[in-house]
file query.txt (compact mmCIF, C-alpha atoms)
# COMPACT_ATOMS: atom_id res chain seq x y z
CA MET A 1 -26.85 2.73 -1.46
CA ASN A 2 -26.91 1.40 2.08
CA ILE A 3 -23.76 2.08 4.03
CA SER A 4 -23.23 -0.73 6.48
CA ILE A 5 -20.49 -1.47 8.95
CA GLY A 6 -18.85 -3.87 6.49
CA HIS A 7 -18.44 -1.07 3.94
CA LEU A 8 -17.02 1.26 6.58
CA LEU A 9 -14.43 -1.31 7.65
CA LEU A 10 -13.28 -1.81 4.09
CA VAL A 11 -13.02 1.93 3.43
CA ASN A 12 -11.04 2.38 6.65
CA ALA A 13 -8.58 -0.31 5.67
CA GLY A 14 -8.23 1.31 2.27
CA ILE A 15 -7.54 4.75 3.77
CA ILE A 16 -4.81 3.35 6.04
CA MET A 17 -3.21 1.60 3.06
CA LEU A 18 -3.24 4.83 1.02
CA VAL A 19 -1.62 6.76 3.89
CA GLY A 20 1.17 4.19 4.06
CA PHE A 21 1.62 4.30 0.29
CA TYR A 22 1.88 8.12 0.35
CA GLY A 23 4.56 7.91 3.03
CA ILE A 24 6.66 5.47 1.06
CA ILE A 25 6.81 7.58 -2.09
CA SER A 26 7.31 11.00 -0.54
CA ARG A 27 9.75 10.61 2.35
CA LYS A 28 13.50 10.83 2.16
CA ASN A 29 14.48 9.48 5.58
CA LEU A 30 14.92 5.71 5.62
CA VAL A 31 13.32 5.19 9.03
CA LYS A 32 10.23 7.12 7.95
CA ILE A 33 9.96 4.95 4.83
CA LEU A 34 10.11 1.86 7.05
CA LEU A 35 7.39 3.28 9.32
CA SER A 36 5.17 3.93 6.28
CA LEU A 37 5.75 0.34 5.16
CA ASN A 38 4.54 -0.78 8.58
CA ILE A 39 1.41 1.37 8.28
CA LEU A 40 0.76 -0.22 4.87
CA GLN A 41 1.02 -3.68 6.47
CA VAL A 42 -1.49 -2.66 9.17
CA GLY A 43 -3.90 -1.59 6.44
CA VAL A 44 -3.53 -4.86 4.56
CA ASN A 45 -4.17 -6.92 7.70
CA LEU A 46 -7.29 -4.88 8.47
CA LEU A 47 -8.50 -5.39 4.90
CA LEU A 48 -8.12 -9.16 5.18
CA VAL A 49 -10.04 -9.31 8.46
CA ALA A 50 -12.74 -6.94 7.20
CA LEU A 51 -13.45 -9.20 4.25
CA GLY A 52 -14.80 -11.78 6.67
CA TRP A 53 -17.50 -9.56 8.12
CA VAL A 54 -20.97 -11.02 8.47
CA GLU A 55 -24.06 -8.94 9.28
CA ASN A 56 -24.74 -8.99 13.06
CA GLY A 57 -21.86 -11.38 13.57
CA VAL A 58 -20.18 -12.20 16.88
CA ALA A 59 -16.62 -13.24 17.62
CA PRO A 60 -15.93 -16.88 16.68
CA ILE A 61 -15.59 -18.29 20.20
CA LEU A 62 -17.98 -20.88 21.62
CA LYS A 63 -19.14 -19.53 24.96
CA GLU A 64 -21.28 -20.84 27.77
CA GLY A 65 -24.18 -18.52 27.03
CA HIS A 66 -24.83 -19.80 23.52
CA THR A 67 -27.76 -22.20 23.54
CA LEU A 68 -28.08 -24.96 20.98
CA GLU A 69 -31.31 -23.54 19.55
CA ALA A 70 -29.75 -20.11 18.99
CA LEU A 71 -26.79 -21.67 17.16
CA GLN A 72 -28.96 -23.80 14.91
CA SER A 73 -31.67 -21.35 13.94
CA ALA A 74 -31.33 -19.16 10.88
CA VAL A 75 -31.77 -15.85 12.73
CA GLY A 76 -29.80 -16.77 15.84
CA ILE A 77 -26.10 -16.37 16.48
CA HIS A 78 -23.89 -15.96 13.45
CA PHE A 79 -20.12 -16.16 13.74
CA VAL A 80 -17.82 -13.87 11.85
CA ASP A 81 -15.70 -15.73 9.30
CA PRO A 82 -12.72 -17.09 11.29
CA LEU A 83 -10.50 -18.16 8.40
CA PRO A 84 -9.15 -14.69 7.41
CA GLN A 85 -8.36 -14.02 11.08
CA ALA A 86 -6.21 -17.14 11.25
CA LEU A 87 -4.33 -16.13 8.10
CA VAL A 88 -3.77 -12.57 9.38
CA LEU A 89 -2.07 -14.00 12.53
CA THR A 90 0.64 -15.28 10.23
CA ALA A 91 0.83 -11.99 8.33
CA ILE A 92 1.36 -9.95 11.51
CA VAL A 93 4.29 -12.09 12.60
CA ILE A 94 5.84 -11.91 9.15
CA GLY A 95 5.53 -8.12 9.26
CA PHE A 96 7.49 -8.14 12.51
CA GLY A 97 10.24 -10.28 10.97
CA THR A 98 10.52 -8.00 7.93
CA THR A 99 10.79 -4.91 10.15
CA ALA A 100 13.59 -6.50 12.21
CA VAL A 101 15.72 -7.31 9.16
CA ALA A 102 15.01 -3.92 7.56
CA LEU A 103 16.23 -2.17 10.73
CA THR A 104 19.54 -4.03 10.58
CA ILE A 105 19.92 -3.00 6.93
CA ILE A 106 19.34 0.63 7.98
CA ILE A 107 21.99 0.33 10.70
CA ASN A 108 24.52 -0.98 8.20
CA TYR A 109 23.56 1.74 5.68
CA HIS A 110 24.23 4.41 8.29
CA LYS A 111 27.62 2.93 9.05
CA THR A 112 28.78 3.12 5.43
CA HIS A 113 27.06 6.28 4.19
CA LYS A 114 27.00 8.28 7.45
CA SER A 115 23.51 9.55 6.70
CA LEU A 116 19.95 8.26 6.69
CA LYS A 117 18.79 9.89 3.48
CA VAL A 118 17.87 7.96 0.39
CA HIS A 119 19.86 10.24 -1.93
CA ASN A 120 23.21 9.22 -0.45
CA PHE A 121 22.76 5.78 -1.96
CA ALA A 122 25.33 5.37 -4.79
CA ASN A 123 25.63 9.15 -5.06
CA GLU A 124 29.21 10.07 -4.32
CA MET A 125 28.76 13.80 -4.91
CA ALA A 126 26.18 14.19 -2.13
CA LYS A 127 27.56 15.13 1.25
CA PRO A 128 25.91 13.53 4.27
CA ASP A 129 24.23 16.66 5.62
CA GLU A 130 23.34 18.52 2.46
CA GLU A 131 20.13 18.59 0.48
CA GLU A 132 19.77 16.58 -2.65
CA VAL A 133 22.21 17.19 -5.50
CA VAL A 134 20.65 16.48 -8.86
CA GLU A 135 22.68 16.68 -12.02
CA MET B 1 22.43 21.16 -9.78
CA ARG B 2 19.14 22.01 -8.19
CA LYS B 3 17.85 21.65 -4.70
CA ARG B 4 15.12 19.27 -3.74
CA LYS B 5 11.81 20.94 -3.01
CA GLN B 6 9.94 18.89 -0.46
CA GLY B 7 6.69 20.84 -0.90
CA LEU B 8 6.37 20.00 -4.59
CA ILE B 9 7.21 16.38 -3.94
CA ASN B 10 4.44 16.24 -1.32
CA VAL B 11 1.88 17.62 -3.76
CA TYR B 12 2.91 15.21 -6.51
CA ALA B 13 2.77 12.26 -4.12
CA PHE B 14 -0.69 13.32 -2.95
CA LEU B 15 -1.90 13.53 -6.56
CA ILE B 16 -0.51 10.10 -7.37
CA THR B 17 -2.15 8.63 -4.26
CA GLY B 18 -5.45 10.31 -5.16
CA ALA B 19 -5.31 8.90 -8.69
CA PHE B 20 -4.65 5.46 -7.23
CA ALA B 21 -7.64 5.78 -4.88
CA LEU B 22 -9.90 6.92 -7.73
CA LEU B 23 -8.81 3.99 -9.87
CA ILE B 24 -9.58 1.49 -7.13
CA GLY B 25 -12.88 3.21 -6.27
CA MET B 26 -14.06 3.14 -9.86
CA GLY B 27 -13.21 -0.52 -10.08
CA LEU B 28 -15.06 -1.37 -6.86
CA MET B 29 -18.28 0.38 -7.87
CA ASP B 30 -18.50 -1.25 -11.28
CA ASP B 31 -21.88 -2.89 -11.27
CA GLY B 32 -23.79 0.10 -9.97
CA GLU B 33 -24.89 -1.40 -6.66
CA GLY B 34 -22.44 0.33 -4.37
CA LEU B 35 -19.25 -1.11 -2.96
CA LYS B 36 -18.71 -4.75 -3.73
CA VAL B 37 -18.30 -6.80 -0.58
CA ASN B 38 -17.95 -10.49 -0.08
CA SER B 39 -21.33 -11.83 -1.10
CA MET B 40 -20.96 -15.57 -0.68
CA PRO B 41 -23.09 -16.68 2.27
CA VAL B 42 -21.14 -18.16 5.16
CA SER B 43 -22.88 -21.53 5.00
CA LYS B 44 -21.28 -22.20 1.60
CA ARG B 45 -17.70 -21.27 2.49
CA VAL B 46 -14.97 -23.57 3.79
CA SER B 47 -15.16 -21.77 7.15
CA ALA B 48 -18.59 -23.31 7.79
CA ARG B 49 -17.00 -26.75 8.01
CA MET B 50 -14.41 -25.42 10.46
CA VAL B 51 -17.02 -23.68 12.60
CA ASN B 52 -19.06 -26.89 12.82
CA LYS B 53 -15.88 -28.89 13.50
CA SER B 54 -16.66 -31.42 10.77
CA VAL B 55 -13.77 -31.28 8.33
CA SER B 56 -12.93 -34.98 8.14
CA GLU B 57 -16.49 -36.22 7.83
CA ILE B 58 -19.36 -34.17 6.45
CA SER B 59 -22.10 -33.69 9.01
CA GLU B 60 -24.44 -30.87 9.90
CA LYS B 61 -24.11 -31.16 13.67
CA VAL B 62 -23.49 -27.79 15.30
CA ALA B 63 -20.75 -27.61 17.93
CA TYR B 64 -21.65 -26.00 21.25
CA TYR B 65 -19.98 -25.34 24.60
CA GLY B 66 -19.68 -28.44 26.76
CA GLU B 67 -19.95 -31.02 24.00
CA GLU B 68 -17.65 -34.02 24.10
CA GLY B 69 -15.91 -36.12 21.55
CA ARG B 70 -15.75 -33.86 18.49
CA GLU B 71 -12.78 -34.09 16.18
CA ASP B 72 -11.36 -30.88 17.61
CA GLY B 73 -12.09 -29.65 21.09
CA SER B 74 -11.11 -26.00 21.35
CA ALA B 75 -13.76 -23.41 22.08
CA ASN B 76 -11.77 -20.77 20.21
CA ILE B 77 -12.42 -21.49 16.55
CA VAL B 78 -9.46 -19.42 15.30
CA THR B 79 -7.11 -21.50 17.49
CA SER B 80 -8.53 -24.68 16.04
CA ILE B 81 -7.80 -23.37 12.56
CA VAL B 82 -4.28 -22.12 13.33
CA VAL B 83 -3.00 -25.11 15.31
CA ASN B 84 -5.14 -28.03 14.15
CA TYR B 85 -6.62 -27.70 10.69
CA ARG B 86 -3.88 -25.49 9.24
CA ALA B 87 -0.98 -26.34 11.50
CA PHE B 88 1.38 -26.62 8.54
CA ASP B 89 1.03 -22.89 7.85
CA THR B 90 1.96 -22.20 11.47
CA LEU B 91 5.06 -24.31 11.01
CA GLY B 92 6.00 -22.21 7.99
CA GLU B 93 5.48 -19.02 9.99
CA ILE B 94 7.79 -20.28 12.73
CA ILE B 95 10.41 -20.95 10.08
CA VAL B 96 10.04 -17.33 8.85
CA LEU B 97 10.55 -16.05 12.41
CA PHE B 98 13.63 -18.19 12.80
CA ALA B 99 15.01 -16.92 9.47
CA SER B 100 14.53 -13.29 10.51
CA ALA B 101 16.23 -13.91 13.89
CA ALA B 102 19.12 -15.63 12.11
CA GLY B 103 19.35 -12.74 9.63
CA VAL B 104 19.53 -10.13 12.39
CA GLY B 105 22.15 -12.15 14.24
CA LEU B 106 24.22 -12.58 11.11
CA LEU B 107 24.12 -8.97 9.92
CA LEU B 108 24.74 -7.35 13.30
CA SER B 109 27.37 -9.60 14.78
CA ALA B 110 30.52 -7.69 13.85
CA ARG B 111 30.33 -4.30 15.52
CA LYS B 112 33.17 -2.35 17.00
CA LYS B 113 33.14 -0.89 20.45
CA LYS B 114 32.39 2.77 20.43
CA ASN B 115 32.78 5.41 23.06
CA ALA B 116 29.39 6.43 24.35
CA LYS B 117 29.58 9.23 26.82
CA ASP B 118 25.90 9.95 26.89
CA VAL B 119 24.44 6.55 27.71
CA PRO B 120 23.14 6.77 31.27
CA THR B 121 24.76 4.21 33.50
CA GLU B 122 22.14 3.81 36.13
CA ALA B 123 18.37 3.71 35.88
CA SER B 124 16.35 6.35 37.65
CA ASP B 125 14.53 5.53 40.86
CA ILE B 126 11.11 5.46 39.28
CA ILE B 127 12.12 2.79 36.79
CA LYS B 128 14.02 0.77 39.35
CA THR B 129 11.00 0.45 41.64
CA ALA B 130 8.17 0.37 39.14
CA ILE B 131 9.38 -2.13 36.54
CA PRO B 132 9.71 -5.17 38.83
CA ILE B 133 6.15 -4.59 40.05
CA ILE B 134 4.81 -4.13 36.53
CA ASN B 135 6.64 -7.23 35.35
CA LEU B 136 4.73 -9.40 37.83
CA VAL B 137 1.55 -8.48 35.95
CA VAL B 138 3.19 -8.69 32.53
CA PHE B 139 4.59 -12.20 32.96
CA THR B 140 1.41 -13.53 34.57
CA VAL B 141 -0.80 -12.11 31.83
CA GLY B 142 1.53 -13.47 29.16
CA ALA B 143 1.47 -16.96 30.65
CA ILE B 144 -2.33 -16.90 30.95
CA ILE B 145 -2.73 -15.76 27.33
CA ILE B 146 -0.55 -18.69 26.18
CA LEU B 147 -2.11 -21.34 28.40
CA TYR B 148 -5.75 -20.45 27.76
CA GLY B 149 -5.33 -19.94 24.03
CA HIS B 150 -7.96 -22.52 23.21
CA ILE B 151 -10.69 -21.01 25.39
CA THR B 152 -10.18 -17.24 25.23
CA PRO B 153 -8.74 -15.09 22.46
CA GLY B 154 -4.97 -15.12 22.32
CA GLY B 155 -2.62 -18.04 22.00
CA GLY B 156 1.08 -18.57 21.55
CA PHE B 157 1.90 -15.59 19.36
CA PRO B 158 0.44 -12.69 21.40
CA GLY B 159 1.45 -14.37 24.67
CA GLY B 160 5.03 -14.80 23.49
CA ALA B 161 5.17 -11.14 22.45
CA VAL B 162 3.90 -10.05 25.90
CA ILE B 163 6.56 -12.14 27.68
CA ALA B 164 9.27 -10.71 25.40
CA THR B 165 8.05 -7.21 26.30
CA GLY B 166 8.58 -8.11 29.96
CA ILE B 167 12.14 -9.21 29.25
CA ILE B 168 12.89 -5.98 27.36
CA LEU B 169 11.48 -3.91 30.25
CA MET B 170 13.79 -5.77 32.62
CA SER B 171 16.75 -4.86 30.44
CA LEU B 172 16.11 -1.19 31.24
CA VAL B 173 16.89 -1.83 34.89
CA PHE B 174 19.34 -4.70 35.17
CA LYS B 175 22.73 -4.98 33.55
CA ASN B 176 23.11 -8.35 31.86
CA ILE B 177 19.63 -9.65 31.31
CA PHE B 178 19.93 -10.94 27.72
CA ASN B 179 21.55 -14.36 27.75
CA ARG B 180 21.94 -15.44 24.14
CA LYS B 181 23.12 -18.99 24.88
CA VAL B 182 20.01 -19.73 26.98
CA TYR B 183 17.82 -18.29 24.24
CA LEU B 184 19.52 -20.47 21.65
CA ILE B 185 18.98 -23.64 23.70
CA LEU B 186 15.32 -22.81 24.50
CA GLU B 187 14.54 -21.96 20.88
CA SER B 188 16.12 -25.14 19.55
CA VAL B 189 14.34 -27.34 22.10
CA ALA B 190 10.97 -25.75 21.34
CA GLY B 191 11.46 -26.08 17.59
CA VAL B 192 12.51 -29.71 17.79
CA GLY B 193 9.57 -30.35 20.12
CA ILE B 194 7.12 -29.06 17.52
CA LEU B 195 8.63 -31.35 14.89
CA VAL B 196 8.52 -34.31 17.28
CA VAL B 197 4.81 -33.69 17.96
CA GLY B 198 4.26 -33.58 14.21
CA LEU B 199 6.07 -36.86 13.63
CA LEU B 200 4.15 -38.50 16.50
CA GLY B 201 0.98 -37.37 14.78
CA MET B 202 2.18 -39.07 11.64
CA SER B 203 2.76 -42.39 13.39
CA TYR B 204 -0.28 -42.43 15.69
CA GLY B 205 -2.77 -40.33 13.73
CA ASP B 206 -3.75 -39.37 10.23
CA GLY B 207 -0.79 -37.33 9.07
CA PHE B 208 1.89 -34.83 9.94
CA LEU B 209 0.83 -32.58 12.85
CA ALA B 210 -2.48 -34.42 13.22
CA ASN B 211 -4.35 -34.29 16.50
CA PHE B 212 -3.72 -37.77 17.93
CA LEU B 213 -4.55 -37.14 21.60
CA PRO B 214 -8.17 -37.53 22.69
CA THR B 215 -10.25 -34.37 22.71
CA GLY B 216 -12.30 -33.64 25.79
CA LYS B 217 -15.11 -31.28 26.60
CA ILE B 218 -15.27 -28.12 24.54
CA GLY B 219 -14.43 -25.34 27.00
CA GLY B 220 -12.44 -27.33 29.52
CA PHE B 221 -8.77 -26.75 30.12
CA LEU B 222 -7.44 -30.18 29.11
CA SER B 223 -9.50 -30.42 25.96
CA SER B 224 -8.32 -30.29 22.38
CA GLY B 225 -5.48 -32.77 22.26
CA THR B 226 -2.20 -31.51 20.90
CA VAL B 227 -3.35 -27.88 20.62
CA LEU B 228 -2.20 -27.00 24.15
CA ILE B 229 1.22 -28.64 23.73
CA LEU B 230 1.83 -27.02 20.36
CA TYR B 231 0.76 -23.57 21.52
CA ILE B 232 2.99 -23.73 24.62
CA LEU B 233 5.98 -24.63 22.45
CA VAL B 234 5.10 -21.90 19.95
CA GLY B 235 4.76 -19.37 22.78
CA ILE B 236 8.17 -20.21 24.22
CA LYS B 237 9.76 -20.03 20.79
CA VAL B 238 8.20 -16.68 19.86
CA ALA B 239 9.09 -15.08 23.23
CA VAL B 240 12.67 -16.24 23.07
CA GLU B 241 13.12 -15.20 19.45
CA ILE B 242 11.73 -11.70 19.98
CA ALA B 243 14.00 -11.27 23.03
CA ASN B 244 16.93 -12.48 20.96
CA ILE B 245 16.24 -10.00 18.17
CA SER B 246 15.83 -7.17 20.68
CA SER B 247 19.11 -8.01 22.37
CA TYR B 248 20.94 -6.82 19.28
CA PHE B 249 19.14 -3.46 19.29
CA VAL B 250 19.08 -2.50 22.98
CA ALA B 251 22.24 -0.91 24.37
CA LYS B 252 23.46 -2.46 27.58
CA ARG B 253 24.01 -0.56 30.77
CA THR B 254 27.61 -0.51 31.94
CA LYS B 255 29.15 0.20 35.24
CA HIS B 256 31.37 3.12 34.24
CA ALA B 257 30.59 5.76 31.66
CA GLY B 258 32.80 5.96 28.59
CA GLU B 259 33.20 2.58 27.00
CA GLU B 260 30.11 0.68 25.87
CA LYS B 261 30.05 -2.68 24.18
CA ILE B 262 27.13 -3.04 21.79
call {"tool": "encode", "arguments": {"input": "query.txt", "output": "structure tokens"}}
result
Amino acid sequence: MNISIGHLLLVNAGIIMLVGFYGIISRKNLVKILLSLNILQVGVNLLLVALGWVENGVAPILKEGHTLEALQSAVGIHFVDPLPQALVLTAIVIGFGTTAVALTIIINYHKTHKSLKVHNFANEMAKPDEEEVVE
Amino acid sequence: MRKRKQGLINVYAFLITGAFALLIGMGLMDDGEGLKVNSMPVSKRVSARMVNKSVSEISEKVAYYGEEGREDGSANIVTSIVVNYRAFDTLGEIIVLFASAAGVGLLLSARKKKNAKDVPTEASDIIKTAIPIINLVVFTVGAIIILYGHITPGGGFPGGAVIATGIILMSLVFKNIFNRKVYLILESVAGVGILVVGLLGMSYGDGFLANFLPTGKIGGFLSSGTVLILYILVGIKVAVEIANISSYFVAKRTKHAGEEKI
């Protein structure tokens, strides 16, 4: 099995996504859960861009040094697939918008519950600075 | 009533994540030839038409630097996809940004004054002298990234974020730097401008947000029609919206310690 750069990029994106997923299910502080969600979004964006990898590809920008013969021949200059990169631009901005609204929800949660732990949600017996109370 | 044991929860979460990874790995290596990657050759994908700049008519002519008169004139192929061929998706993304800015403004508008004794009232000397010098570079680089978005990597979105970073850095030094009324006017004008360009494209060109201005030489500054105008408007809108969102999160510096209005 040949391991090429395309495989390594995909595996990297997958590892980052798994790290974010682990953070979401195991943390009890709301800000840390939001940070893990952001890490998951970074992994997804990397995965989308890595799916457009082409062997020996260059960045999709027409430059002055590219001659017409090199662009037309079969073994000349190949461009990396530019369509996933354009879609990931949108995804990054949407990740920013989601993080902004989630932070305001955390601020409002802290005002009503006086704590940043997940267990204080709809749990009247839990005091703000105590560990989890499970019936 | 039992206490929560964080160590056990960590181990269980690690096992669940490992099982997930194994499941995905088994599925990816199904046909016995190693990891499945995208195996369709580039010449058969839709992107090949966008790289050759021949979406409206099918031709095999390759686009190169310095050519004139193609249907889209930007040297940066990703810019030509984001602002020209798929400009409607960019319009949807701008609407999402506007919705998130409106959501933050709506949810954080009613906050009481609180007594903050530990907010420093005056910036230290290092920040006061360094940030205006740094901001010269930050604003210039942001403007260059926006203006040359069709020749070099970048465009409206990263350039707008860089300019918003400059505004946030200034708020560490000066007192009343966030001006929400000015941001509201700038954002509305930029948004309406994008819609007006789209409607002009509908009346003078092929459809909504079509490129109706003549395209010049690939690689020149005034090439590529409406791409430059749209990206400048997008850059202004993104910068102003990010500064607006940040103005709700950054505490303002006051003259006297004690009372702070958030």
call {"tool": "closest_residue", "arguments": {"input": "query.txt", "among": "A:Ser4, A:Thr104, A:Ser26, A:Gln85", "to": "Ala59 (chain A)", "atoms": "only C-alpha atoms"}}
result
A:Gln85
call {"tool": "interface_residues", "arguments": {"input": "query.txt", "of": "chain A", "to": "chain B", "cutoff": "7 Å", "atoms": "all atoms listed in the file", "output": "ChimeraX atom specification"}}
result
/A:1,7,18,22,25-26,51,60-64,68,72,81-83,85-86,90,94,97,100-101,104,131-135
call {"tool": "residues_around", "arguments": {"input": "query.txt", "residues": "Val58 (chain A)", "least_positions_apart": "3", "cutoff": "8 Å", "atoms": "only C-alpha atoms", "output": "PDB file with C-alpha atoms, in the coordinates of the input"}}
result
ATOM      1  CA  ILE A  77     -26.100 -16.370  16.480  1.00  0.00           C
ATOM      2  CA  HIS A  78     -23.890 -15.960  13.450  1.00  0.00           C
ATOM      3  CA  PHE A  79     -20.120 -16.160  13.740  1.00  0.00           C
ATOM      4  CA  VAL A  80     -17.820 -13.870  11.850  1.00  0.00           C
TER       5      VAL A  80
END
call {"tool": "atom_distance", "arguments": {"input": "query.txt", "atom1": "CA of Gly142 (chain B)", "atom2": "CA of Leu47 (chain A)"}}
result
27.5 Å
call {"tool": "atom_distance", "arguments": {"input": "query.txt", "atom1": "CA of Leu71 (chain A)", "atom2": "CA of Thr215 (chain B)"}}
result
21.6 Å
call {"tool": "atom_distance", "arguments": {"input": "query.txt", "atom1": "CA of Lys28 (chain A)", "atom2": "CA of His113 (chain A)"}}
result
14.4 Å
